[in-house]
file my_file-v4.pdb (PDB, C-alpha atoms)
ATOM      1  CA  MET A   1     111.380  97.923 112.844
ATOM      2  CA  ARG A   2     112.903 101.030 111.355
ATOM      3  CA  VAL A   3     112.956 104.187 113.401
ATOM      4  CA  VAL A   4     111.582 107.146 111.494
ATOM      5  CA  ALA A   5     110.825 109.459 114.397
ATOM      6  CA  SER A   6     113.592 111.981 113.676
ATOM      7  CA  PHE A   7     112.706 112.775 110.093
ATOM      8  CA  LEU A   8     109.005 112.264 110.794
ATOM      9  CA  LEU A   9     108.966 115.143 113.257
ATOM     10  CA  ALA A  10     110.641 117.343 110.689
ATOM     11  CA  ALA A  11     108.165 116.217 108.063
ATOM     12  CA  ILE A  12     105.198 116.972 110.299
ATOM     13  CA  ALA A  13     106.600 120.395 111.133
ATOM     14  CA  ALA A  14     107.047 121.146 107.454
ATOM     15  CA  LEU A  15     103.802 119.542 106.322
ATOM     16  CA  THR A  16     101.787 121.970 104.217
ATOM     17  CA  VAL A  17      98.103 121.184 104.337
ATOM     18  CA  VAL A  18      96.364 121.338 100.992
ATOM     19  CA  ALA A  19      94.608 124.575 101.887
ATOM     20  CA  ALA A  20      95.214 127.098 104.655
ATOM     21  CA  GLN A  21      93.634 126.090 107.949
ATOM     22  CA  PRO A  22      91.688 128.464 110.187
ATOM     23  CA  SER A  23      93.774 129.777 113.079
ATOM     24  CA  HIS A  24      91.673 127.954 115.685
ATOM     25  CA  VAL A  25      92.443 124.499 114.265
ATOM     26  CA  SER A  26      94.843 122.428 116.370
ATOM     27  CA  SER A  27      98.175 121.456 114.842
ATOM     28  CA  ALA A  28      97.824 117.908 116.182
ATOM     29  CA  PHE A  29      97.470 115.295 113.451
ATOM     30  CA  LYS A  30      93.949 114.111 112.652
ATOM     31  CA  ILE A  31      92.453 111.544 110.313
ATOM     32  CA  ALA A  32      89.087 112.363 108.768
ATOM     33  CA  ARG A  33      86.562 109.680 107.845
ATOM     34  CA  LEU A  34      85.281 110.394 104.349
ATOM     35  CA  LYS A  35      81.507 110.669 104.208
ATOM     36  CA  TYR A  36      80.068 109.680 100.843
ATOM     37  CA  SER A  37      76.699 109.169  99.178
ATOM     38  CA  GLY A  38      75.361 106.062  97.482
ATOM     39  CA  GLY A  39      74.077 104.070 100.438
ATOM     40  CA  GLY A  40      77.261 102.468 101.763
ATOM     41  CA  ASP A  41      77.929 102.526 105.505
ATOM     42  CA  TRP A  42      80.798 105.011 105.469
ATOM     43  CA  TYR A  43      80.312 105.531 109.225
ATOM     44  CA  ASN A  44      80.883 102.004 110.576
ATOM     45  CA  ASP A  45      83.360 101.223 113.393
ATOM     46  CA  PRO A  46      83.951 104.814 114.599
ATOM     47  CA  SER A  47      86.440 103.562 117.193
ATOM     48  CA  ALA A  48      88.870 102.494 114.441
ATOM     49  CA  GLU A  49      90.624 105.814 113.810
ATOM     50  CA  VAL A  50      90.599 106.705 117.516
ATOM     51  CA  ASN A  51      92.523 103.534 118.353
ATOM     52  CA  LEU A  52      94.939 103.962 115.451
ATOM     53  CA  LEU A  53      95.682 107.548 116.456
ATOM     54  CA  THR A  54      96.216 106.450 120.054
ATOM     55  CA  PHE A  55      98.627 103.766 118.836
ATOM     56  CA  LEU A  56     100.519 106.371 116.812
ATOM     57  CA  LYS A  57     100.852 108.552 119.897
ATOM     58  CA  GLN A  58     101.908 105.767 122.243
ATOM     59  CA  GLN A  59     104.162 103.751 119.949
ATOM     60  CA  ILE A  60     105.548 106.371 117.530
ATOM     61  CA  GLY A  61     105.335 109.578 119.561
ATOM     62  CA  LEU A  62     103.217 111.418 117.014
ATOM     63  CA  ASP A  63     101.324 114.499 118.160
ATOM     64  CA  VAL A  64      97.756 113.423 117.427
ATOM     65  CA  ASP A  65      94.185 114.352 118.196
ATOM     66  CA  PRO A  66      92.602 110.924 118.856
ATOM     67  CA  ARG A  67      89.018 111.729 118.036
ATOM     68  CA  TYR A  68      86.582 110.423 115.463
ATOM     69  CA  GLU A  69      85.888 113.059 112.830
ATOM     70  CA  PHE A  70      84.157 112.802 109.494
ATOM     71  CA  VAL A  71      84.146 115.167 106.564
ATOM     72  CA  ASP A  72      82.067 115.758 103.435
ATOM     73  CA  ILE A  73      83.989 116.331 100.214
ATOM     74  CA  GLY A  74      82.002 119.501  99.716
ATOM     75  CA  SER A  75      82.644 120.948 103.166
ATOM     76  CA  GLU A  76      84.795 124.008 103.882
ATOM     77  CA  ASN A  77      87.348 122.097 105.966
ATOM     78  CA  PHE A  78      87.771 119.198 103.528
ATOM     79  CA  PHE A  79      91.201 120.390 102.421
ATOM     80  CA  SER A  80      92.493 120.812 105.989
ATOM     81  CA  TYR A  81      93.067 117.079 106.585
ATOM     82  CA  PRO A  82      96.328 115.589 105.291
ATOM     83  CA  VAL A  83      94.938 112.029 105.450
ATOM     84  CA  LEU A  84      91.440 110.776 104.665
ATOM     85  CA  PHE A  85      90.099 107.309 105.437
ATOM     86  CA  MET A  86      87.128 105.613 103.827
ATOM     87  CA  THR A  87      85.542 102.221 104.248
ATOM     88  CA  GLY A  88      82.178 100.499 103.972
ATOM     89  CA  HIS A  89      80.284  97.478 102.697
ATOM     90  CA  GLY A  90      78.253  98.864  99.818
ATOM     91  CA  ASN A  91      77.755 101.481  97.160
ATOM     92  CA  ILE A  92      79.688 104.735  96.745
ATOM     93  CA  ALA A  93      78.658 107.664  94.565
ATOM     94  CA  PHE A  94      80.600 110.876  93.861
ATOM     95  CA  ASN A  95      78.929 113.723  92.002
ATOM     96  CA  GLU A  96      80.849 115.910  89.542
ATOM     97  CA  ASN A  97      81.762 118.518  92.132
ATOM     98  CA  GLU A  98      82.996 115.843  94.551
ATOM     99  CA  VAL A  99      85.088 114.246  91.818
ATOM    100  CA  ARG A 100      86.690 117.596  91.030
ATOM    101  CA  ARG A 101      87.370 118.455  94.670
ATOM    102  CA  LEU A 102      88.728 115.017  95.552
ATOM    103  CA  ARG A 103      91.078 115.102  92.590
ATOM    104  CA  GLY A 104      92.241 118.580  93.568
ATOM    105  CA  TYR A 105      92.833 117.401  97.125
ATOM    106  CA  LEU A 106      94.913 114.411  95.993
ATOM    107  CA  GLU A 107      96.899 116.355  93.395
ATOM    108  CA  ASN A 108      97.840 118.991  95.944
ATOM    109  CA  GLY A 109      99.267 116.925  98.764
ATOM    110  CA  GLY A 110      96.339 114.984 100.194
ATOM    111  CA  PHE A 111      96.268 111.226 100.768
ATOM    112  CA  LEU A 112      93.345 108.791 100.778
ATOM    113  CA  TYR A 113      93.409 105.361 102.403
ATOM    114  CA  ALA A 114      90.456 103.161 101.453
ATOM    115  CA  ASP A 115      89.749  99.782 103.039
ATOM    116  CA  ASP A 116      87.164  97.429 101.568
ATOM    117  CA  ASP A 117      85.031  96.280 104.484
ATOM    118  CA  TYR A 118      83.639  93.576 102.177
ATOM    119  CA  GLY A 119      81.351  94.796  99.452
ATOM    120  CA  MET A 120      82.634  98.191  98.289
ATOM    121  CA  ASP A 121      85.262  97.023  95.786
ATOM    122  CA  LYS A 122      83.239  97.420  92.599
ATOM    123  CA  ALA A 123      81.845 100.821  93.561
ATOM    124  CA  PHE A 124      85.183 102.151  94.798
ATOM    125  CA  ARG A 125      87.009 101.204  91.618
ATOM    126  CA  ARG A 126      84.233 102.727  89.494
ATOM    127  CA  GLU A 127      84.245 106.032  91.374
ATOM    128  CA  MET A 128      88.028 106.339  91.407
ATOM    129  CA  LYS A 129      87.978 105.984  87.618
ATOM    130  CA  LYS A 130      85.976 109.212  87.637
ATOM    131  CA  VAL A 131      88.615 110.908  89.775
ATOM    132  CA  PHE A 132      91.562 109.648  87.686
ATOM    133  CA  PRO A 133      90.010 108.542  84.379
ATOM    134  CA  GLY A 134      93.358 107.893  82.712
ATOM    135  CA  GLN A 135      94.640 105.545  85.391
ATOM    136  CA  GLU A 136      94.133 102.012  86.590
ATOM    137  CA  MET A 137      94.889 101.041  90.167
ATOM    138  CA  VAL A 138      98.082  99.010  90.316
ATOM    139  CA  GLU A 139      99.000  96.428  92.907
ATOM    140  CA  LEU A 140     101.971  97.627  94.926
ATOM    141  CA  PRO A 141     104.991  95.303  95.018
ATOM    142  CA  PHE A 142     105.936  93.927  98.422
ATOM    143  CA  SER A 143     109.132  95.968  98.175
ATOM    144  CA  HIS A 144     107.190  99.251  98.254
ATOM    145  CA  GLY A 145     108.151 101.496 101.151
ATOM    146  CA  ILE A 146     104.665 101.575 102.640
ATOM    147  CA  TYR A 147     105.277  98.005 103.783
ATOM    148  CA  HIS A 148     108.580  98.829 105.492
ATOM    149  CA  VAL A 149     108.570 102.480 106.562
ATOM    150  CA  GLN A 150     108.296 101.673 110.294
ATOM    151  CA  PHE A 151     107.193  98.053 110.714
ATOM    152  CA  ASP A 152     108.178  95.359 108.246
ATOM    153  CA  PHE A 153     105.466  93.592 106.272
ATOM    154  CA  PRO A 154     107.552  91.548 103.809
ATOM    155  CA  GLY A 155     104.472  89.842 102.385
ATOM    156  CA  GLY A 156     102.496  93.034 101.843
ATOM    157  CA  PRO A 157      99.150  93.671 103.554
ATOM    158  CA  PRO A 158      98.427  91.353 106.491
ATOM    159  CA  LYS A 159      95.405  89.087 106.218
ATOM    160  CA  ILE A 160      93.108  90.281 109.002
ATOM    161  CA  HIS A 161      89.664  89.013 107.913
ATOM    162  CA  GLU A 162      88.981  86.153 105.534
ATOM    163  CA  HIS A 163      86.190  87.673 103.381
ATOM    164  CA  ASP A 164      86.289  85.424 100.267
ATOM    165  CA  GLY A 165      89.495  83.700 101.300
ATOM    166  CA  LYS A 166      91.577  85.403  98.607
ATOM    167  CA  PRO A 167      95.077  86.768  99.255
ATOM    168  CA  ALA A 168      95.257  90.216 100.796
ATOM    169  CA  GLN A 169      96.139  92.891  98.239
ATOM    170  CA  GLY A 170      97.165  96.541  98.322
ATOM    171  CA  PHE A 171      96.597  98.824  95.327
ATOM    172  CA  GLY A 172      97.609 102.370  94.562
ATOM    173  CA  LEU A 173      96.965 105.394  92.412
ATOM    174  CA  PHE A 174      99.811 107.825  91.774
ATOM    175  CA  HIS A 175     100.130 111.480  90.815
ATOM    176  CA  ASN A 176     103.514 112.681  89.550
ATOM    177  CA  GLY A 177     105.109 109.611  91.102
ATOM    178  CA  ARG A 178     103.535 110.139  94.541
ATOM    179  CA  LEU A 179     101.185 107.548  95.999
ATOM    180  CA  VAL A 180      97.955 109.478  96.578
ATOM    181  CA  VAL A 181      95.447 106.646  97.033
ATOM    182  CA  TYR A 182      96.159 103.389  98.814
ATOM    183  CA  TYR A 183      93.471 100.690  98.769
ATOM    184  CA  THR A 184      93.380  97.388 100.648
ATOM    185  CA  TYR A 185      91.255  94.476  99.433
ATOM    186  CA  GLU A 186      90.507  91.067 100.987
ATOM    187  CA  THR A 187      92.156  91.981 104.286
ATOM    188  CA  ASN A 188      90.257  94.743 106.155
ATOM    189  CA  PRO A 189      92.960  96.116 108.489
ATOM    190  CA  SER A 190      90.650  98.838 109.765
ATOM    191  CA  ASP A 191      88.390  96.245 111.384
ATOM    192  CA  GLY A 192      91.413  95.324 113.459
ATOM    193  CA  TRP A 193      91.721  98.927 114.660
ATOM    194  CA  ALA A 194      88.242  98.842 116.188
ATOM    195  CA  ASP A 195      87.628  98.214 119.871
ATOM    196  CA  PRO A 196      88.323  94.582 120.864
ATOM    197  CA  ASP A 197      84.677  93.744 121.527
ATOM    198  CA  VAL A 198      83.516  94.863 118.068
ATOM    199  CA  HIS A 199      84.916  92.075 115.894
ATOM    200  CA  LYS A 200      86.448  89.854 118.585
ATOM    201  CA  ASP A 201      89.758  89.748 116.691
ATOM    202  CA  PRO A 202      92.661  88.070 118.502
ATOM    203  CA  GLU A 203      94.935  90.644 120.117
ATOM    204  CA  GLU A 204      97.778  89.537 117.845
ATOM    205  CA  LYS A 205      95.668  90.462 114.794
ATOM    206  CA  ARG A 206      94.657  93.774 116.335
ATOM    207  CA  GLN A 207      98.270  94.725 116.961
ATOM    208  CA  GLU A 208      99.235  93.650 113.444
ATOM    209  CA  SER A 209      96.460  95.842 112.057
ATOM    210  CA  LEU A 210      97.553  98.823 114.131
ATOM    211  CA  ARG A 211     101.176  98.450 113.071
ATOM    212  CA  PHE A 212     100.075  98.267 109.451
ATOM    213  CA  GLY A 213      97.883 101.330 109.879
ATOM    214  CA  ALA A 214     100.836 103.172 111.392
ATOM    215  CA  ASN A 215     102.868 102.404 108.275
ATOM    216  CA  ILE A 216     100.147 103.840 106.058
ATOM    217  CA  VAL A 217      99.963 107.077 108.036
ATOM    218  CA  LEU A 218     103.725 107.478 108.285
ATOM    219  CA  TRP A 219     104.137 106.906 104.579
ATOM    220  CA  ALA A 220     101.425 109.455 103.792
ATOM    221  CA  LEU A 221     103.025 112.081 106.040
ATOM    222  CA  THR A 222     106.593 111.634 104.850
ATOM    223  CA  HIS A 223     106.204 111.152 101.080
TER     224      HIS A 223
END

call {"tool": "encode", "arguments": {"input": "my_file-v4.pdb", "output": "structure tokens"}}
result
Amino acid sequence: MRVVASFLLAAIAALTVVAAQPSHVSSAFKIARLKYSGGGDWYNDPSAEVNLLTFLKQQIGLDVDPRYEFVDIGSENFFSYPVLFMTGHGNIAFNENEVRRLRGYLENGGFLYADDDYGMDKAFRREMKKVFPGQEMVELPFSHGIYHVQFDFPGGPPKIHEHDGKPAQGFGLFHNGRLVVYYTYETNPSDGWADPDVHKDPEEKRQESLRFGANIVLWALTH
């Protein structure tokens, strides 16, 4: 495990949110669940982010607000979250305004983590082509820093759920060399963040998922 607390605190202090936040908004770090149209269950496992944020506070010392929050792309506070999370089992649909706003968010410092909960792969790839039409998602090499920033994952994404039994994969989209979208497929780490009684995952898998989630957040906040 590599200790990143010292420069992480400096990074958080210096973190410029994509748009100015209202004065009443807490400075504690939050993750927003991305609400989308199309019929997919964007809302499933609301305990996932709460448990990940709690892990970040207890194990890393991050100043967090461990609550479940969701946000529409079209909402006023969309640009106030440095990290967005999306998941689901089915269809996703972005309209033209949502495509424009999501691209603006990502090009100006925002970060999106998407986790296929088994069934959203085709729709997610299609919609991200609208956001970055000139790009294809690329699989990140196991040497990429997201796999080593705090906890070491020398084989890339951990295999949490079997799905179709394929190897776990992590893909990315970049803007000016910065990873702005990270997408996990055939692994489903966020299911491991959920409360223990939701998916009945072994505690070892839950902890592995939480450590992996911590890497994603730390990478997003420091790069």

call {"tool": "resolve_selection", "arguments": {"input": "my_file-v4.pdb", "expression": "the PyMOL selection byres ((chain A and resi 28) around 8)", "output": "NGL selection string"}}
result
:A and (26-27 or 29-30 or 63-65)

call {"tool": "atom_distance", "arguments": {"input": "my_file-v4.pdb", "atom1": "CA of Arg33 (chain A)", "atom2": "CA of Asp152 (chain A)"}}
result
25.9 Å

call {"tool": "atom_distance", "arguments": {"input": "my_file-v4.pdb", "atom1": "CA of Ile92 (chain A)", "atom2": "CA of Ala32 (chain A)"}}
result
17.1 Å

call {"tool": "atom_distance", "arguments": {"input": "my_file-v4.pdb", "atom1": "CA of Leu112 (chain A)", "atom2": "CA of Val181 (chain A)"}}
result
4.8 Å

call {"tool": "resolve_selection", "arguments": {"input": "my_file-v4.pdb", "expression": "the PyMOL selection byres ((chain A and resi 149) around 8)", "output": "number ranges by chain"}}
result
A: 2, 4, 145-148, 150-152, 215, 218-219

call {"tool": "resolve_selection", "arguments": {"input": "my_file-v4.pdb", "expression": "the PyMOL selection byres ((chain A and resi 183) around 6)", "output": "PDB file with C-alpha atoms, in the coordinates of the input"}}
result
ATOM      1  CA  TYR A 113      93.409 105.361 102.403  1.00  0.00           C
ATOM      2  CA  ALA A 114      90.456 103.161 101.453  1.00  0.00           C
ATOM      3  CA  ASP A 115      89.749  99.782 103.039  1.00  0.00           C
ATOM      4  CA  GLY A 170      97.165  96.541  98.322  1.00  0.00           C
ATOM      5  CA  PHE A 171      96.597  98.824  95.327  1.00  0.00           C
ATOM      6  CA  TYR A 182      96.159 103.389  98.814  1.00  0.00           C
ATOM      7  CA  THR A 184      93.380  97.388 100.648  1.00  0.00           C
TER       8      THR A 184
END

call {"tool": "closest_atom_pairs", "arguments": {"input": "my_file-v4.pdb", "of": "region 39-106 of chain A", "to": "region 188-203 of chain A", "cutoff": "12 Å", "atoms": "only C-alpha atoms", "output": "tab-separated table"}}
result
residue	atom	partner	partner_atom	distance
A:Asn44	CA	A:Asp191	CA	9.5
A:Asp45	CA	A:Ala194	CA	6.1
A:Pro46	CA	A:Ala194	CA	7.5
A:Ser47	CA	A:Ala194	CA	5.2
A:Ala48	CA	A:Ala194	CA	4.1
A:Glu49	CA	A:Trp193	CA	7.0
A:Val50	CA	A:Ala194	CA	8.3
A:Asn51	CA	A:Trp193	CA	6.0
A:Leu52	CA	A:Trp193	CA	6.0
A:Leu53	CA	A:Trp193	CA	9.7
A:Thr54	CA	A:Trp193	CA	10.3
A:Phe55	CA	A:Trp193	CA	9.4
A:Leu56	CA	A:Trp193	CA	11.7
A:Tyr68	CA	A:Ala194	CA	11.7
A:Phe85	CA	A:Ser190	CA	9.5
A:Met86	CA	A:Ser190	CA	9.7
A:Thr87	CA	A:Ser190	CA	8.2
A:Gly88	CA	A:Asn188	CA	10.2
A:His89	CA	A:Asn188	CA	10.9

call {"tool": "write_last_selection", "arguments": {"input": "my_file-v4.pdb", "atoms": "C-alpha atoms", "output": "short mmCIF file (atom, residue, chain, number, x, y, z; two decimals), keeping the file's coordinate frame"}}
result
data_model
loop_
_atom_site.label_atom_id
_atom_site.label_comp_id
_atom_site.auth_asym_id
_atom_site.auth_seq_id
_atom_site.Cartn_x
_atom_site.Cartn_y
_atom_site.Cartn_z
CA ASN A 44 80.88 102.00 110.58
CA ASP A 45 83.36 101.22 113.39
CA PRO A 46 83.95 104.81 114.60
CA SER A 47 86.44 103.56 117.19
CA ALA A 48 88.87 102.49 114.44
CA GLU A 49 90.62 105.81 113.81
CA VAL A 50 90.60 106.70 117.52
CA ASN A 51 92.52 103.53 118.35
CA LEU A 52 94.94 103.96 115.45
CA LEU A 53 95.68 107.55 116.46
CA THR A 54 96.22 106.45 120.05
CA PHE A 55 98.63 103.77 118.84
CA LEU A 56 100.52 106.37 116.81
CA TYR A 68 86.58 110.42 115.46
CA PHE A 85 90.10 107.31 105.44
CA MET A 86 87.13 105.61 103.83
CA THR A 87 85.54 102.22 104.25
CA GLY A 88 82.18 100.50 103.97
CA HIS A 89 80.28 97.48 102.70
#

call {"tool": "residues_near_point", "arguments": {"input": "my_file-v4.pdb", "point": "(79.9, 101.9, 101.8)", "cutoff": "9 Å", "atoms": "all atoms listed in the file", "output": "ChimeraX atom specification"}}
result
/A:36-44,86-92,116-117,119-120,123-124

call {"tool": "residues_around", "arguments": {"input": "my_file-v4.pdb", "residues": "Leu173 (chain A)", "least_positions_apart": "4", "cutoff": "12 Å", "atoms": "all atoms listed in the file", "output": "ChimeraX atom specification"}}
result
/A:103,106-107,111-114,125,128-129,131-140,177-183

call {"tool": "closest_residue", "arguments": {"input": "my_file-v4.pdb", "among": "A:Ala93, A:Val217, A:Arg101, A:Phe212", "to": "Pro154 (chain A)", "atoms": "all atoms listed in the file"}}
result
A:Phe212

call {"tool": "closest_residue", "arguments": {"input": "my_file-v4.pdb", "among": "A:Lys57, A:Asn108, A:Thr187, A:Lys35", "to": "Gly74 (chain A)", "atoms": "all atoms listed in the file"}}
result
A:Lys35

call {"tool": "closest_residue", "arguments": {"input": "my_file-v4.pdb", "among": "A:Gly110, A:Gly61, A:Pro66, A:Gly172", "to": "Phe78 (chain A)", "atoms": "all atoms listed in the file"}}
result
A:Gly110

call {"tool": "closest_residue", "arguments": {"input": "my_file-v4.pdb", "among": "A:Pro158, A:Asn95, A:Glu186, A:His223", "to": "Leu210 (chain A)", "atoms": "all atoms listed in the file"}}
result
A:Pro158

call {"tool": "closest_residue", "arguments": {"input": "my_file-v4.pdb", "among": "A:Asp164, A:Val99, A:Phe94, A:Pro157", "to": "Ser209 (chain A)", "atoms": "all atoms listed in the file"}}
result
A:Pro157

call {"tool": "axis_aligned_box", "arguments": {"input": "my_file-v4.pdb", "around": "region 94-99 of chain A", "padding_each_side": "3 Å", "output": "JSON"}}
result
{"center_x": 82.0, "center_y": 114.7, "center_z": 92.0, "size_x": 12.2, "size_y": 13.6, "size_z": 11.0}

call {"tool": "decode", "arguments": {"input": "my_file-v4.pdb", "residues": "region 23-53 of chain A", "atoms": "N, CA and C atoms", "output": "JSON list (two decimals), in the first residue's frame"}}
result
[["chain", "number", "residue", "atom", "x", "y", "z"],
["A", 23, "SER", "N", -22.50, 29.04, -1.38],
["A", 23, "SER", "CA", -21.76, 29.17, -0.14],
["A", 23, "SER", "C", -22.22, 28.20, 0.94],
["A", 24, "HIS", "N", -23.47, 27.70, 0.83],
["A", 24, "HIS", "CA", -23.98, 26.82, 1.88],
["A", 24, "HIS", "C", -23.56, 25.37, 1.68],
["A", 25, "VAL", "N", -22.90, 25.04, 0.59],
["A", 25, "VAL", "CA", -22.50, 23.67, 0.32],
["A", 25, "VAL", "C", -21.28, 23.31, 1.15],
["A", 26, "SER", "N", -21.33, 22.15, 1.80],
["A", 26, "SER", "CA", -20.22, 21.70, 2.63],
["A", 26, "SER", "C", -19.00, 21.42, 1.77],
["A", 27, "SER", "N", -17.81, 21.61, 2.37],
["A", 27, "SER", "CA", -16.57, 21.33, 1.65],
["A", 27, "SER", "C", -16.20, 19.86, 1.70],
["A", 28, "ALA", "N", -16.91, 19.06, 2.49],
["A", 28, "ALA", "CA", -16.63, 17.63, 2.59],
["A", 28, "ALA", "C", -16.90, 16.97, 1.24],
["A", 29, "PHE", "N", -16.05, 15.99, 0.91],
["A", 29, "PHE", "CA", -16.15, 15.32, -0.38],
["A", 29, "PHE", "C", -17.43, 14.48, -0.48],
["A", 30, "LYS", "N", -18.08, 14.57, -1.63],
["A", 30, "LYS", "CA", -19.28, 13.80, -1.90],
["A", 30, "LYS", "C", -19.15, 13.11, -3.25],
["A", 31, "ILE", "N", -19.82, 12.00, -3.40],
["A", 31, "ILE", "CA", -19.99, 11.34, -4.69],
["A", 31, "ILE", "C", -21.45, 11.46, -5.05],
["A", 32, "ALA", "N", -21.74, 11.82, -6.29],
["A", 32, "ALA", "CA", -23.13, 11.90, -6.74],
["A", 32, "ALA", "C", -23.45, 10.74, -7.67],
["A", 33, "ARG", "N", -24.56, 10.08, -7.43],
["A", 33, "ARG", "CA", -25.06, 9.04, -8.33],
["A", 33, "ARG", "C", -25.71, 9.74, -9.53],
["A", 34, "LEU", "N", -25.29, 9.35, -10.72],
["A", 34, "LEU", "CA", -25.83, 9.97, -11.92],
["A", 34, "LEU", "C", -27.18, 9.36, -12.29],
["A", 35, "LYS", "N", -28.19, 10.21, -12.30],
["A", 35, "LYS", "CA", -29.53, 9.79, -12.72],
["A", 35, "LYS", "C", -29.64, 9.96, -14.22],
["A", 36, "TYR", "N", -30.12, 8.94, -14.91],
["A", 36, "TYR", "CA", -30.23, 9.01, -16.36],
["A", 36, "TYR", "C", -31.57, 8.44, -16.82],
["A", 37, "SER", "N", -31.94, 8.78, -18.04],
["A", 37, "SER", "CA", -33.17, 8.27, -18.64],
["A", 37, "SER", "C", -32.87, 7.01, -19.44],
["A", 38, "GLY", "N", -33.92, 6.39, -19.96],
["A", 38, "GLY", "CA", -33.75, 5.23, -20.82],
["A", 38, "GLY", "C", -34.31, 3.95, -20.24],
["A", 39, "GLY", "N", -34.59, 3.94, -18.93],
["A", 39, "GLY", "CA", -35.21, 2.77, -18.33],
["A", 39, "GLY", "C", -34.32, 1.96, -17.42],
["A", 40, "GLY", "N", -33.01, 2.19, -17.46],
["A", 40, "GLY", "CA", -32.09, 1.44, -16.60],
["A", 40, "GLY", "C", -32.24, 1.84, -15.14],
["A", 41, "ASP", "N", -31.91, 0.92, -14.24],
["A", 41, "ASP", "CA", -32.07, 1.17, -12.80],
["A", 41, "ASP", "C", -30.85, 1.88, -12.24],
["A", 42, "TRP", "N", -30.74, 3.15, -12.55],
["A", 42, "TRP", "CA", -29.62, 3.98, -12.11],
["A", 42, "TRP", "C", -29.54, 4.07, -10.58],
["A", 43, "TYR", "N", -30.62, 3.76, -9.89],
["A", 43, "TYR", "CA", -30.80, 4.01, -8.47],
["A", 43, "TYR", "C", -30.46, 2.81, -7.60],
["A", 44, "ASN", "N", -30.07, 1.67, -8.16],
["A", 44, "ASN", "CA", -29.96, 0.46, -7.35],
["A", 44, "ASN", "C", -28.81, 0.53, -6.35],
["A", 45, "ASP", "N", -28.92, -0.23, -5.27],
["A", 45, "ASP", "CA", -27.90, -0.31, -4.21],
["A", 45, "ASP", "C", -27.48, 1.06, -3.68],
["A", 46, "PRO", "N", -28.40, 1.83, -3.10],
["A", 46, "PRO", "CA", -28.04, 3.17, -2.61],
["A", 46, "PRO", "C", -27.06, 3.15, -1.45],
["A", 47, "SER", "N", -26.84, 2.00, -0.83],
["A", 47, "SER", "CA", -25.86, 1.95, 0.27],
["A", 47, "SER", "C", -24.42, 1.92, -0.24],
["A", 48, "ALA", "N", -24.23, 1.71, -1.54],
["A", 48, "ALA", "CA", -22.88, 1.51, -2.08],
["A", 48, "ALA", "C", -21.97, 2.71, -1.82],
["A", 49, "GLU", "N", -22.38, 3.89, -2.27],
["A", 49, "GLU", "CA", -21.54, 5.07, -2.09],
["A", 49, "GLU", "C", -21.35, 5.43, -0.62],
["A", 50, "VAL", "N", -22.40, 5.23, 0.18],
["A", 50, "VAL", "CA", -22.30, 5.54, 1.61],
["A", 50, "VAL", "C", -21.19, 4.71, 2.24],
["A", 51, "ASN", "N", -21.14, 3.43, 1.93],
["A", 51, "ASN", "CA", -20.11, 2.56, 2.50],
["A", 51, "ASN", "C", -18.73, 2.88, 1.96],
["A", 52, "LEU", "N", -18.63, 3.23, 0.68],
["A", 52, "LEU", "CA", -17.34, 3.61, 0.13],
["A", 52, "LEU", "C", -16.82, 4.89, 0.78],
["A", 53, "LEU", "N", -17.70, 5.87, 0.92],
["A", 53, "LEU", "CA", -17.29, 7.12, 1.56],
["A", 53, "LEU", "C", -16.87, 6.89, 3.01]]
